[in-house]
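Colleague: Handing over data03.csv, CSV, C-alpha atoms and all ligand atoms.
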```csv
chain,number,residue,atom,x,y,z
A,1,MET,CA,4.0,16.7,13.8
A,2,ILE,CA,1.0,16.3,11.5
A,3,SER,CA,1.0,18.6,8.5
A,4,LEU,CA,-2.2,19.7,6.8
A,5,LYS,CA,-2.0,20.3,3.1
A,6,ASN,CA,-3.6,23.3,1.4
A,7,ALA,CA,-5.4,23.2,-1.9
A,8,ALA,CA,-2.3,23.9,-4.0
A,9,GLN,CA,-0.4,21.2,-2.2
A,10,VAL,CA,-3.2,18.7,-2.5
A,11,ASP,CA,-3.2,19.4,-6.3
A,12,LYS,CA,0.5,18.4,-6.4
A,13,MET,CA,-0.2,15.2,-4.4
A,14,ARG,CA,-3.1,14.5,-6.8
A,15,ALA,CA,-0.7,14.7,-9.8
A,16,ALA,CA,1.7,12.4,-8.0
A,17,GLY,CA,-1.1,10.0,-7.1
A,18,ARG,CA,-2.4,10.0,-10.7
A,19,LEU,CA,1.0,9.1,-12.1
A,20,LEU,CA,1.5,6.4,-9.5
A,21,HIS,CA,-1.9,4.9,-10.4
A,22,ASP,CA,-0.9,4.8,-14.1
A,23,VAL,CA,2.4,3.2,-13.2
A,24,LEU,CA,0.7,0.5,-11.2
A,25,GLN,CA,-1.9,-0.1,-13.9
A,26,ARG,CA,0.9,-0.6,-16.5
A,27,LEU,CA,2.7,-3.0,-14.1
A,28,ARG,CA,-0.5,-5.1,-13.6
A,29,GLU,CA,-0.6,-5.6,-17.3
A,30,VAL,CA,2.8,-7.3,-17.5
A,31,ILE,CA,2.5,-9.5,-14.4
A,32,ARG,CA,2.3,-13.1,-15.5
A,33,PRO,CA,3.9,-16.5,-14.9
A,34,GLY,CA,7.5,-16.5,-16.1
A,35,GLU,CA,8.0,-12.8,-15.5
A,36,SER,CA,10.8,-11.9,-13.1
A,37,THR,CA,10.2,-9.4,-10.3
A,38,GLY,CA,13.5,-7.7,-11.3
A,39,ALA,CA,12.0,-7.0,-14.7
A,40,LEU,CA,8.9,-5.5,-13.1
A,41,ASP,CA,11.2,-3.2,-11.0
A,42,ALA,CA,13.1,-2.0,-14.0
A,43,PHE,CA,9.8,-1.4,-15.9
A,44,ALA,CA,8.5,0.7,-13.0
A,45,GLU,CA,11.6,2.7,-12.6
A,46,GLU,CA,11.7,3.5,-16.3
A,47,LEU,CA,8.0,4.6,-16.3
A,48,ILE,CA,8.5,6.8,-13.2
A,49,ARG,CA,11.5,8.6,-14.6
A,50,ARG,CA,10.1,9.0,-18.1
A,51,ASN,CA,7.3,10.9,-16.5
A,52,GLY,CA,9.6,13.3,-14.7
A,53,ALA,CA,9.2,11.7,-11.3
A,54,VAL,CA,11.6,9.9,-8.9
A,55,PRO,CA,11.2,6.5,-7.4
A,56,SER,CA,10.9,7.1,-3.7
A,57,PHE,CA,11.8,3.6,-2.5
A,58,LEU,CA,15.1,3.5,-4.3
A,59,ASN,CA,17.9,4.2,-1.8
A,60,TYR,CA,15.4,4.8,1.0
A,61,ARG,CA,17.4,3.8,4.0
A,62,GLY,CA,19.6,1.8,1.6
A,63,TYR,CA,16.6,0.0,-0.1
A,64,PRO,CA,18.0,-1.2,-3.5
A,65,SER,CA,14.9,-1.0,-5.8
A,66,SER,CA,12.0,1.1,-7.0
A,67,ILE,CA,9.3,-1.4,-6.0
A,68,CYS,CA,8.8,-4.0,-3.3
A,69,ALA,CA,7.7,-7.4,-4.7
A,70,SER,CA,6.5,-9.7,-2.0
A,71,VAL,CA,5.5,-13.2,-3.0
A,72,ASP,CA,3.2,-15.6,-1.0
A,73,ASP,CA,4.2,-15.6,2.7
A,74,GLU,CA,6.3,-12.4,2.1
A,75,VAL,CA,4.3,-9.6,3.7
A,76,VAL,CA,6.2,-6.5,2.5
A,77,HIS,CA,9.6,-5.2,1.4
A,78,GLY,CA,10.5,-8.2,-0.8
A,79,ILE,CA,13.5,-7.1,-2.9
A,80,PRO,CA,12.9,-7.7,-6.7
A,81,SER,CA,15.4,-9.9,-8.6
A,82,GLU,CA,16.0,-11.1,-12.1
A,83,ARG,CA,16.3,-14.5,-10.6
A,84,GLN,CA,12.9,-14.5,-8.9
A,85,ILE,CA,10.5,-15.9,-11.5
A,86,LEU,CA,6.8,-15.6,-10.8
A,87,LYS,CA,5.0,-18.9,-10.8
A,88,GLU,CA,1.4,-19.8,-11.5
A,89,GLY,CA,-0.6,-20.1,-8.3
A,90,SER,CA,1.4,-17.6,-6.3
A,91,ILE,CA,0.3,-14.2,-5.1
A,92,LEU,CA,2.4,-11.1,-5.6
A,93,SER,CA,2.2,-7.8,-3.7
A,94,VAL,CA,3.6,-4.9,-5.5
A,95,ASP,CA,4.3,-1.7,-3.5
A,96,CYS,CA,5.5,1.4,-5.2
A,97,GLY,CA,6.1,5.1,-4.4
A,98,LEU,CA,7.2,8.1,-6.3
A,99,ILE,CA,8.0,11.8,-5.8
A,100,LEU,CA,6.6,14.3,-8.3
A,101,ASP,CA,7.5,18.0,-8.0
A,102,GLY,CA,8.5,17.3,-4.3
A,103,TRP,CA,5.3,15.4,-3.3
A,104,HIS,CA,5.0,11.8,-2.5
A,105,ALA,CA,2.4,9.1,-3.5
A,106,ASP,CA,2.5,5.5,-2.1
A,107,SER,CA,0.3,2.6,-3.2
A,108,ALA,CA,0.3,-1.2,-3.2
A,109,PHE,CA,-1.9,-4.1,-4.5
A,110,THR,CA,-1.8,-7.9,-4.5
A,111,VAL,CA,-2.6,-10.0,-7.5
A,112,GLY,CA,-2.7,-13.7,-8.3
A,113,ILE,CA,-0.2,-15.1,-10.8
A,114,GLY,CA,-2.3,-17.0,-13.4
A,115,THR,CA,-4.9,-19.1,-11.7
A,116,ILE,CA,-4.8,-19.2,-7.9
A,117,ALA,CA,-6.6,-21.1,-5.2
A,118,PRO,CA,-10.1,-19.8,-4.2
A,119,GLU,CA,-8.9,-19.1,-0.6
A,120,LEU,CA,-6.2,-16.8,-2.0
A,121,GLU,CA,-8.7,-15.0,-4.2
A,122,LYS,CA,-10.8,-14.5,-1.2
A,123,LEU,CA,-7.8,-13.2,0.9
A,124,ILE,CA,-7.0,-10.6,-1.8
A,125,GLN,CA,-10.6,-9.5,-2.0
A,126,VAL,CA,-11.1,-9.2,1.7
A,127,THR,CA,-7.8,-7.3,2.1
A,128,GLN,CA,-9.2,-4.7,-0.4
A,129,ASP,CA,-12.5,-4.7,1.4
A,130,CYS,CA,-10.6,-4.1,4.7
A,131,PHE,CA,-9.0,-1.0,3.1
A,132,PHE,CA,-12.3,0.4,1.9
A,133,GLN,CA,-13.9,-0.4,5.2
A,134,GLY,CA,-11.2,1.5,7.1
A,135,VAL,CA,-11.0,4.4,4.6
A,136,ARG,CA,-14.8,4.9,4.7
A,137,GLN,CA,-14.2,6.0,8.4
A,138,ALA,CA,-11.5,8.5,7.5
A,139,VAL,CA,-13.4,11.8,7.7
A,140,ALA,CA,-12.6,14.9,9.8
A,141,GLY,CA,-13.3,14.5,13.5
A,142,VAL,CA,-13.0,10.7,13.5
A,143,ARG,CA,-10.0,9.1,15.2
A,144,ILE,CA,-7.3,6.9,13.8
A,145,GLY,CA,-8.4,4.1,16.1
A,146,ASP,CA,-11.8,4.1,14.3
A,147,VAL,CA,-10.0,3.4,11.0
A,148,GLY,CA,-7.9,0.6,12.5
A,149,HIS,CA,-10.8,-0.9,14.3
A,150,ALA,CA,-12.8,-1.1,11.1
A,151,VAL,CA,-10.0,-2.9,9.3
A,152,GLN,CA,-9.4,-5.3,12.1
A,153,SER,CA,-13.0,-6.2,12.7
A,154,LEU,CA,-13.6,-7.1,9.1
A,155,ALA,CA,-10.3,-9.1,8.8
A,156,GLU,CA,-10.7,-11.0,12.1
A,157,GLY,CA,-14.3,-11.8,11.3
A,158,TYR,CA,-12.9,-14.0,8.5
A,159,GLY,CA,-10.4,-15.5,10.9
A,160,TYR,CA,-7.5,-13.7,9.2
A,161,GLY,CA,-4.5,-12.2,10.9
A,162,VAL,CA,-3.9,-8.4,10.9
A,163,ILE,CA,-0.2,-7.6,10.7
A,164,ARG,CA,0.6,-5.2,13.6
A,165,ASP,CA,4.3,-4.5,13.2
A,166,LEU,CA,3.8,-2.4,10.1
A,167,THR,CA,1.4,0.4,9.8
A,168,GLY,CA,0.1,3.1,7.4
A,169,HIS,CA,1.4,6.6,7.8
A,170,GLY,CA,1.0,10.3,7.0
A,171,ILE,CA,2.5,11.2,3.7
A,172,GLY,CA,3.3,14.5,1.8
A,173,ARG,CA,6.7,16.1,1.4
A,174,SER,CA,8.1,12.9,3.0
A,175,MET,CA,7.0,9.3,2.4
A,176,HIS,CA,6.5,8.7,6.1
A,177,GLU,CA,5.0,11.4,8.2
A,178,ASP,CA,2.9,11.5,11.3
A,179,PRO,CA,0.5,10.0,12.2
A,180,SER,CA,1.1,6.3,12.3
A,181,VAL,CA,-2.0,4.5,10.9
A,182,PRO,CA,-2.3,1.0,12.5
A,183,ASN,CA,-4.6,-1.6,11.0
A,184,PHE,CA,-6.0,-2.5,14.4
A,185,GLY,CA,-7.2,-0.4,17.3
A,186,ASP,CA,-10.1,0.8,19.5
A,187,SER,CA,-12.9,3.0,18.3
A,188,GLY,CA,-12.6,6.5,19.7
A,189,GLN,CA,-8.9,6.2,20.4
A,190,GLY,CA,-5.9,8.0,18.9
A,191,VAL,CA,-5.3,11.1,16.8
A,192,ARG,CA,-8.3,13.0,15.6
A,193,LEU,CA,-8.4,13.3,11.8
A,194,LYS,CA,-8.6,16.8,10.3
A,195,ALA,CA,-9.5,18.0,6.8
A,196,GLY,CA,-6.2,18.4,4.8
A,197,MET,CA,-4.5,15.4,6.3
A,198,THR,CA,-3.0,13.0,3.7
A,199,ILE,CA,-2.4,9.5,4.9
A,200,ALA,CA,-1.5,6.1,3.4
A,201,VAL,CA,-3.8,3.4,4.6
A,202,GLU,CA,-2.3,0.0,4.0
A,203,PRO,CA,-3.8,-3.2,5.5
A,204,MET,CA,-1.6,-6.3,5.4
A,205,ILE,CA,-3.7,-9.3,6.0
A,206,SER,CA,-2.6,-13.0,6.4
A,207,LEU,CA,-4.5,-16.2,6.1
A,208,GLY,CA,-3.0,-17.3,9.4
A,209,SER,CA,-0.8,-15.6,12.0
A,210,TRP,CA,-0.4,-11.8,12.3
A,211,GLN,CA,3.2,-12.3,13.5
A,212,VAL,CA,6.1,-11.6,11.2
A,213,LYS,CA,9.9,-12.0,11.0
A,214,GLU,CA,12.6,-10.3,9.1
A,215,MET,CA,14.8,-12.2,6.6
A,216,ASP,CA,18.6,-12.1,6.5
A,217,ASP,CA,18.5,-9.6,3.6
A,218,GLY,CA,17.5,-7.0,6.2
A,219,TRP,CA,14.4,-6.1,4.3
A,220,THR,CA,12.0,-8.9,3.4
A,221,ILE,CA,9.3,-9.5,6.0
A,222,LYS,CA,7.5,-12.8,6.1
A,223,THR,CA,4.7,-14.3,8.3
A,224,VAL,CA,6.2,-16.5,11.0
A,225,ASP,CA,3.9,-19.4,10.2
A,226,GLY,CA,4.4,-19.3,6.4
A,227,SER,CA,0.8,-18.1,5.7
A,228,PRO,CA,0.2,-16.2,2.5
A,229,CYS,CA,-0.3,-12.5,3.0
A,230,ALA,CA,-2.0,-9.7,0.9
A,231,HIS,CA,-1.4,-6.0,1.0
A,232,TYR,CA,-3.5,-3.1,-0.3
A,233,GLU,CA,-2.6,0.6,0.0
A,234,HIS,CA,-3.6,4.0,-1.3
A,235,THR,CA,-2.7,7.6,-0.5
A,236,ILE,CA,-5.9,9.4,0.6
A,237,LEU,CA,-7.0,12.9,1.5
A,238,VAL,CA,-9.2,13.5,4.6
A,239,ARG,CA,-12.0,15.9,3.9
A,240,GLU,CA,-14.4,17.9,6.1
A,241,ASP,CA,-17.2,15.5,5.4
A,242,GLY,CA,-18.3,12.8,3.1
A,243,LEU,CA,-15.8,10.2,2.0
A,244,PRO,CA,-12.1,10.8,1.7
A,245,GLU,CA,-10.5,11.3,-1.8
A,246,ILE,CA,-8.3,8.5,-2.9
A,247,LEU,CA,-5.4,10.3,-4.5
A,248,THR,CA,-3.9,7.1,-6.0
A,249,LEU,CA,-7.2,5.9,-7.4
A,250,PRO,CA,-8.2,8.9,-9.5
A,251,ASP,CA,-10.5,7.5,-12.2
A,252,HIS,CA,-12.7,5.4,-10.0
A,253,SER,CA,-15.6,6.4,-7.9
A,254,TRP,CA,-16.2,4.3,-4.9
A,255,THR,CA,-18.8,4.2,-2.2
B,1,LIG,N1,5.7,1.6,0.8
B,1,LIG,C1,6.2,1.3,2.1
B,1,LIG,C2,5.3,1.9,3.0
B,1,LIG,O1,4.2,1.9,2.7
B,1,LIG,C3,7.6,1.7,2.2
B,1,LIG,C4,8.6,0.9,1.5
B,1,LIG,S1,10.0,0.8,2.3
B,1,LIG,C5,11.1,0.9,1.1
B,1,LIG,O2,5.6,2.5,4.0
B,1,LIG,F1,12.3,0.8,1.7
B,1,LIG,F2,10.9,-0.1,0.3
B,1,LIG,F3,11.1,2.0,0.5
B,2,CO,CO,3.1,3.1,2.7
```
Kindly return the structure encoded in the file as structure tokens.
Ligand code: MF3
Ligand code: CO
Modeller:
Amino acid sequence: MISLKNAAQVDKMRAAGRLLHDVLQRLREVIRPGESTGALDAFAEELIRRNGAVPSFLNYRGYPSSICASVDDEVVHGIPSERQILKEGSILSVDCGLILDGWHADSAFTVGIGTIAPELEKLIQVTQDCFFQGVRQAVAGVRIGDVGHAVQSLAEGYGYGVIRDLTGHGIGRSMHEDPSVPNFGDSGQGVRLKAGMTIAVEPMISLGSWQVKEMDDGWTIKTVDGSPCAHYEHTILVREDGLPEILTLPDHSWT
């Protein structure tokens, strides 16, 4: 079932989104070579709790941490560890979610650790571009397939792989609600968007194959061919017309 949010509920999701944005900004500032992903996780949990919110990933289906930290060919759901030290030249995807006053926000980004290869810079940039290209479509009356198609066309135009086994999702009182929001698809197909829907759009784009495998830890997802992968996600509000509102990117205008 797809839930539509009223103005008061959207206000609460805005507050959750704003807080998550702050948390991710603070995290960005401490990401550097030599830092452990476990330390990033502890920092995120502390910030979230200090602001009266709850980390939504922690204990979700037994997940052990407050962030996902996925390095290089890890696509998503990498488990942070004190023993995992970030190295110059790697790329790191940080995914984080929180619950404030009963309402969820979910957002992810990928950054380079120190100086990275130009092809990795480009992958990160194009993954963000794919997000905005998809989100630009997300206005009332348009279909979910139009969003996925926009993401897929841009990514595949660069010869990149679009991860298919994981998708975006509705979000609100729960982290994962209907509808599913794939990063591929056909224009004019799928659920029709309505004003008041809140969805997480989250392209995961690889330099090579779109196929993935799960590691023995039961969480970490990697590309099958070892290609590096980038991830970019925001929680957005679909509106009657114009562009959607990005709830986890509150201080920035975008076009
Ligand atoms: N943020 C992920 C998503 O976008 C969910 C993380 S799964 C968890 O759907 F187990 F880490 F919580
Ligand atoms: Co998500």
Colleague: Near Ile124 of chain A, within 9 Å and counting only C-alpha atoms, which residues show up once chain neighbours fewer than 3 positions away are dropped, as JSON, numbers by chain?
Modeller: {"A": [91, 109, 110, 111, 112, 119, 120, 121, 127, 128, 129, 205, 229, 230, 231, 232]}
Colleague: Which residue out of A:Pro250, A:Gly78, A:Pro33, A:Pro179 has the minimum interatomic distance to Arg14 of chain A when only C-alpha atoms are used?
Modeller: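 Of all the options, A:Pro250 lies closest to Arg14 of chain A.
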Colleague: Residues of chain A that approach ligand CO 2 (chain B) to 7 Å or less, counting all atoms listed in the file: could you list each one with the shortest pair of atoms and its distance in Å to one decimal, rows by chain and increasing residue number, as a Markdown table?
Modeller:
```
| residue | atom | partner | partner_atom | distance |
| --- | --- | --- | --- | --- |
| A:Asp106 | CA | B:CO2 | CO | 5.4 |
| A:Ser107 | CA | B:CO2 | CO | 6.5 |
| A:Gly168 | CA | B:CO2 | CO | 5.6 |
| A:His169 | CA | B:CO2 | CO | 6.4 |
| A:Ala200 | CA | B:CO2 | CO | 5.5 |
| A:Glu202 | CA | B:CO2 | CO | 6.4 |
| A:Glu233 | CA | B:CO2 | CO | 6.8 |
```
Colleague: Could you please extract the residues within 8 Å of ligand LIG 1 (chain B), counting all atoms listed in the file, and hand them back as a PyMOL selection string?
Modeller: chain A and resi 56-68+76-77+95-97+106-108+167-169+175-176+200+202+219+233
Colleague: Just write the chosen residues, C-alpha atoms, as a tab-separated table (two decimals), in the frame of the given file.
Modeller:
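Output contents, as saved in selection_3.tsv:
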```tsv
chain	number	residue	atom	x	y	z
A	56	SER	CA	10.90	7.10	-3.70
A	57	PHE	CA	11.80	3.60	-2.50
A	58	LEU	CA	15.10	3.50	-4.30
A	59	ASN	CA	17.90	4.20	-1.80
A	60	TYR	CA	15.40	4.80	1.00
A	61	ARG	CA	17.40	3.80	4.00
A	62	GLY	CA	19.60	1.80	1.60
A	63	TYR	CA	16.60	0.00	-0.10
A	64	PRO	CA	18.00	-1.20	-3.50
A	65	SER	CA	14.90	-1.00	-5.80
A	66	SER	CA	12.00	1.10	-7.00
A	67	ILE	CA	9.30	-1.40	-6.00
A	68	CYS	CA	8.80	-4.00	-3.30
A	76	VAL	CA	6.20	-6.50	2.50
A	77	HIS	CA	9.60	-5.20	1.40
A	95	ASP	CA	4.30	-1.70	-3.50
A	96	CYS	CA	5.50	1.40	-5.20
A	97	GLY	CA	6.10	5.10	-4.40
A	106	ASP	CA	2.50	5.50	-2.10
A	107	SER	CA	0.30	2.60	-3.20
A	108	ALA	CA	0.30	-1.20	-3.20
A	167	THR	CA	1.40	0.40	9.80
A	168	GLY	CA	0.10	3.10	7.40
A	169	HIS	CA	1.40	6.60	7.80
A	175	MET	CA	7.00	9.30	2.40
A	176	HIS	CA	6.50	8.70	6.10
A	200	ALA	CA	-1.50	6.10	3.40
A	202	GLU	CA	-2.30	0.00	4.00
A	219	TRP	CA	14.40	-6.10	4.30
A	233	GLU	CA	-2.60	0.60	0.00
```
Colleague: Any idea what the distance is between atom CA of Gly157 of chain A and atom CA of Ser70 of chain A?
Modeller: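 Atom CA of Ser70 of chain A lies 24.8 Å from atom CA of Gly157 of chain A.
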Colleague: So which residues fall inside 12 Å of (-4.3, 4.6, -13.0) if we count only C-alpha atoms? Mind giving them as a PDB file with C-alpha atoms, in the coordinates of the input?
Modeller:
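As written to disk, part-v3.pdb reads:
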```pdb
ATOM      1  CA  ARG A  14      -3.100  14.500  -6.800  1.00  0.00           C
ATOM      2  CA  ALA A  15      -0.700  14.700  -9.800  1.00  0.00           C
ATOM      3  CA  ALA A  16       1.700  12.400  -8.000  1.00  0.00           C
ATOM      4  CA  GLY A  17      -1.100  10.000  -7.100  1.00  0.00           C
ATOM      5  CA  ARG A  18      -2.400  10.000 -10.700  1.00  0.00           C
ATOM      6  CA  LEU A  19       1.000   9.100 -12.100  1.00  0.00           C
ATOM      7  CA  LEU A  20       1.500   6.400  -9.500  1.00  0.00           C
ATOM      8  CA  HIS A  21      -1.900   4.900 -10.400  1.00  0.00           C
ATOM      9  CA  ASP A  22      -0.900   4.800 -14.100  1.00  0.00           C
ATOM     10  CA  VAL A  23       2.400   3.200 -13.200  1.00  0.00           C
ATOM     11  CA  LEU A  24       0.700   0.500 -11.200  1.00  0.00           C
ATOM     12  CA  GLN A  25      -1.900  -0.100 -13.900  1.00  0.00           C
ATOM     13  CA  ARG A  26       0.900  -0.600 -16.500  1.00  0.00           C
ATOM     14  CA  LEU A  27       2.700  -3.000 -14.100  1.00  0.00           C
ATOM     15  CA  ARG A  28      -0.500  -5.100 -13.600  1.00  0.00           C
ATOM     16  CA  GLU A  29      -0.600  -5.600 -17.300  1.00  0.00           C
ATOM     17  CA  SER A 107       0.300   2.600  -3.200  1.00  0.00           C
ATOM     18  CA  HIS A 234      -3.600   4.000  -1.300  1.00  0.00           C
ATOM     19  CA  ILE A 246      -8.300   8.500  -2.900  1.00  0.00           C
ATOM     20  CA  LEU A 247      -5.400  10.300  -4.500  1.00  0.00           C
ATOM     21  CA  THR A 248      -3.900   7.100  -6.000  1.00  0.00           C
ATOM     22  CA  LEU A 249      -7.200   5.900  -7.400  1.00  0.00           C
ATOM     23  CA  PRO A 250      -8.200   8.900  -9.500  1.00  0.00           C
ATOM     24  CA  ASP A 251     -10.500   7.500 -12.200  1.00  0.00           C
ATOM     25  CA  HIS A 252     -12.700   5.400 -10.000  1.00  0.00           C
TER      26      HIS A 252
END
```
Colleague: Counting all atoms listed in the file, figure out which residue out of A:Ile48, A:Ile199, A:Leu123, A:Ile31 gets nearest to Met13 of chain A.
Modeller: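 Smallest separation from Met13 of chain A among the options: A:Ile199.
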Colleague: For Thr198 of chain A, which of A:Pro228, A:Gly161, A:Gly218, A:Pro244 is the closest residue, counting only C-alpha atoms?
Modeller: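 Looking at the shortest contact to Thr198 of chain A, the residue is A:Pro244.
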Colleague: For atom CA of Gly185 of chain A and atom CA of Ser153 of chain A, determine how far apart the two atoms are, in Å to one decimal place.
Modeller: 9.4 Å
Colleague: Quick one: distance from atom CA of Gly38 of chain A to atom CA of Ala69 of chain A in Å, one decimal?
Modeller: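 For atom CA of Gly38 of chain A relative to atom CA of Ala69 of chain A, the distance reads 8.8 Å.
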Colleague: Pick out the closest residue to Glu214 of chain A from this set: A:Gly242, A:Glu74, A:Ile113, A:Pro55. Count only C-alpha atoms.
Modeller: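 The shortest atom-to-atom distance to Glu214 of chain A comes from A:Glu74.
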Colleague: With only C-alpha atoms as the basis for distance, which of A:Glu177, A:Leu193, A:Lys87, A:Cys130 is at the shortest distance from Glu240 of chain A?
Modeller: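 Using only C-alpha atoms, Glu240 of chain A sits closest to A:Leu193.
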Colleague: Just checking: using all atoms listed in the file, which residue out of A:Ile221, A:Val135, A:Val75, A:Val142 ends up closest to Met204 of chain A?
Modeller: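 Smallest separation from Met204 of chain A among the options: A:Val75.
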Colleague: Around (-11.3, 17.5, 10.7) in the file's frame, which residues reach within 8 Å when counting all atoms listed in the file? Return as a PyMOL selection string?
Modeller: chain A and resi 139-142+192-196+238-240
Colleague: Export C-alpha atoms of the chosen residues as a PDB file, in the coordinates of the input?
Modeller:
```pdb
ATOM      1  CA  VAL A 139     -13.400  11.800   7.700  1.00  0.00           C
ATOM      2  CA  ALA A 140     -12.600  14.900   9.800  1.00  0.00           C
ATOM      3  CA  GLY A 141     -13.300  14.500  13.500  1.00  0.00           C
ATOM      4  CA  VAL A 142     -13.000  10.700  13.500  1.00  0.00           C
ATOM      5  CA  ARG A 192      -8.300  13.000  15.600  1.00  0.00           C
ATOM      6  CA  LEU A 193      -8.400  13.300  11.800  1.00  0.00           C
ATOM      7  CA  LYS A 194      -8.600  16.800  10.300  1.00  0.00           C
ATOM      8  CA  ALA A 195      -9.500  18.000   6.800  1.00  0.00           C
ATOM      9  CA  GLY A 196      -6.200  18.400   4.800  1.00  0.00           C
ATOM     10  CA  VAL A 238      -9.200  13.500   4.600  1.00  0.00           C
ATOM     11  CA  ARG A 239     -12.000  15.900   3.900  1.00  0.00           C
ATOM     12  CA  GLU A 240     -14.400  17.900   6.100  1.00  0.00           C
TER      13      GLU A 240
END
```
Colleague: Would you pick out the contacts of Ala53 of chain A at 10 Å or less, using all atoms listed in the file, so that residues sharing its chain but fewer than 5 positions from it are not included, and give the list as a ChimeraX atom specification?
Modeller: /A:16,19-20,45-48,98-104
Colleague: As lines of an AutoDock Vina configuration file, please: the centre and edge lengths in Å, to one decimal, of an axis-aligned box enclosing every listed atom of segment 59-63 of chain A with 3 Å added on each side.
Modeller:
```
center_x = 17.5
center_y = 2.4
center_z = 1.1
size_x = 10.2
size_y = 10.8
size_z = 11.8
```
Colleague: Complete the atoms of segment 146-151 of chain A to all heavy atoms and put them out as a PDB file, in the frame of the given file.
Modeller:
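rebuild.pdb, freshly written:
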```pdb
ATOM      1  N   ASP A 146     -10.542   4.489  14.985  1.00  0.00           N
ATOM      2  CA  ASP A 146     -11.800   4.100  14.300  1.00  0.00           C
ATOM      3  C   ASP A 146     -11.430   3.418  12.956  1.00  0.00           C
ATOM      4  O   ASP A 146     -12.096   2.475  12.522  1.00  0.00           O
ATOM      5  CB  ASP A 146     -12.687   5.272  14.049  1.00  0.00           C
ATOM      6  CG  ASP A 146     -13.196   5.869  15.348  1.00  0.00           C
ATOM      7  OD1 ASP A 146     -13.822   5.137  16.121  1.00  0.00           O
ATOM      8  OD2 ASP A 146     -12.929   7.060  15.597  1.00  0.00           O
ATOM      9  N   VAL A 147     -10.403   3.958  12.292  1.00  0.00           N
ATOM     10  CA  VAL A 147     -10.000   3.400  11.000  1.00  0.00           C
ATOM     11  C   VAL A 147      -9.420   1.997  11.232  1.00  0.00           C
ATOM     12  O   VAL A 147      -9.837   1.024  10.597  1.00  0.00           O
ATOM     13  CB  VAL A 147      -8.901   4.311  10.340  1.00  0.00           C
ATOM     14  CG1 VAL A 147      -8.372   3.676   9.066  1.00  0.00           C
ATOM     15  CG2 VAL A 147      -9.467   5.703  10.077  1.00  0.00           C
ATOM     16  N   GLY A 148      -8.485   1.887  12.183  1.00  0.00           N
ATOM     17  CA  GLY A 148      -7.900   0.600  12.500  1.00  0.00           C
ATOM     18  C   GLY A 148      -8.884  -0.432  12.950  1.00  0.00           C
ATOM     19  O   GLY A 148      -8.837  -1.608  12.557  1.00  0.00           O
ATOM     20  N   HIS A 149      -9.799   0.031  13.764  1.00  0.00           N
ATOM     21  CA  HIS A 149     -10.800  -0.900  14.300  1.00  0.00           C
ATOM     22  C   HIS A 149     -11.676  -1.469  13.168  1.00  0.00           C
ATOM     23  O   HIS A 149     -12.013  -2.653  13.167  1.00  0.00           O
ATOM     24  CB  HIS A 149     -11.685  -0.158  15.314  1.00  0.00           C
ATOM     25  CG  HIS A 149     -12.718  -1.029  15.936  1.00  0.00           C
ATOM     26  ND1 HIS A 149     -12.405  -1.960  16.903  1.00  0.00           N
ATOM     27  CD2 HIS A 149     -14.049  -1.160  15.706  1.00  0.00           C
ATOM     28  CE1 HIS A 149     -13.502  -2.609  17.246  1.00  0.00           C
ATOM     29  NE2 HIS A 149     -14.518  -2.154  16.528  1.00  0.00           N
ATOM     30  N   ALA A 150     -12.003  -0.611  12.198  1.00  0.00           N
ATOM     31  CA  ALA A 150     -12.800  -1.100  11.100  1.00  0.00           C
ATOM     32  C   ALA A 150     -12.088  -2.122  10.250  1.00  0.00           C
ATOM     33  O   ALA A 150     -12.666  -3.146   9.854  1.00  0.00           O
ATOM     34  CB  ALA A 150     -13.218   0.125  10.193  1.00  0.00           C
ATOM     35  N   VAL A 151     -10.813  -1.893  10.010  1.00  0.00           N
ATOM     36  CA  VAL A 151     -10.000  -2.900   9.300  1.00  0.00           C
ATOM     37  C   VAL A 151      -9.934  -4.177  10.024  1.00  0.00           C
ATOM     38  O   VAL A 151     -10.192  -5.259   9.477  1.00  0.00           O
ATOM     39  CB  VAL A 151      -8.561  -2.319   9.032  1.00  0.00           C
ATOM     40  CG1 VAL A 151      -7.662  -3.393   8.441  1.00  0.00           C
ATOM     41  CG2 VAL A 151      -8.575  -1.077   8.137  1.00  0.00           C
TER      42      VAL A 151
END
```
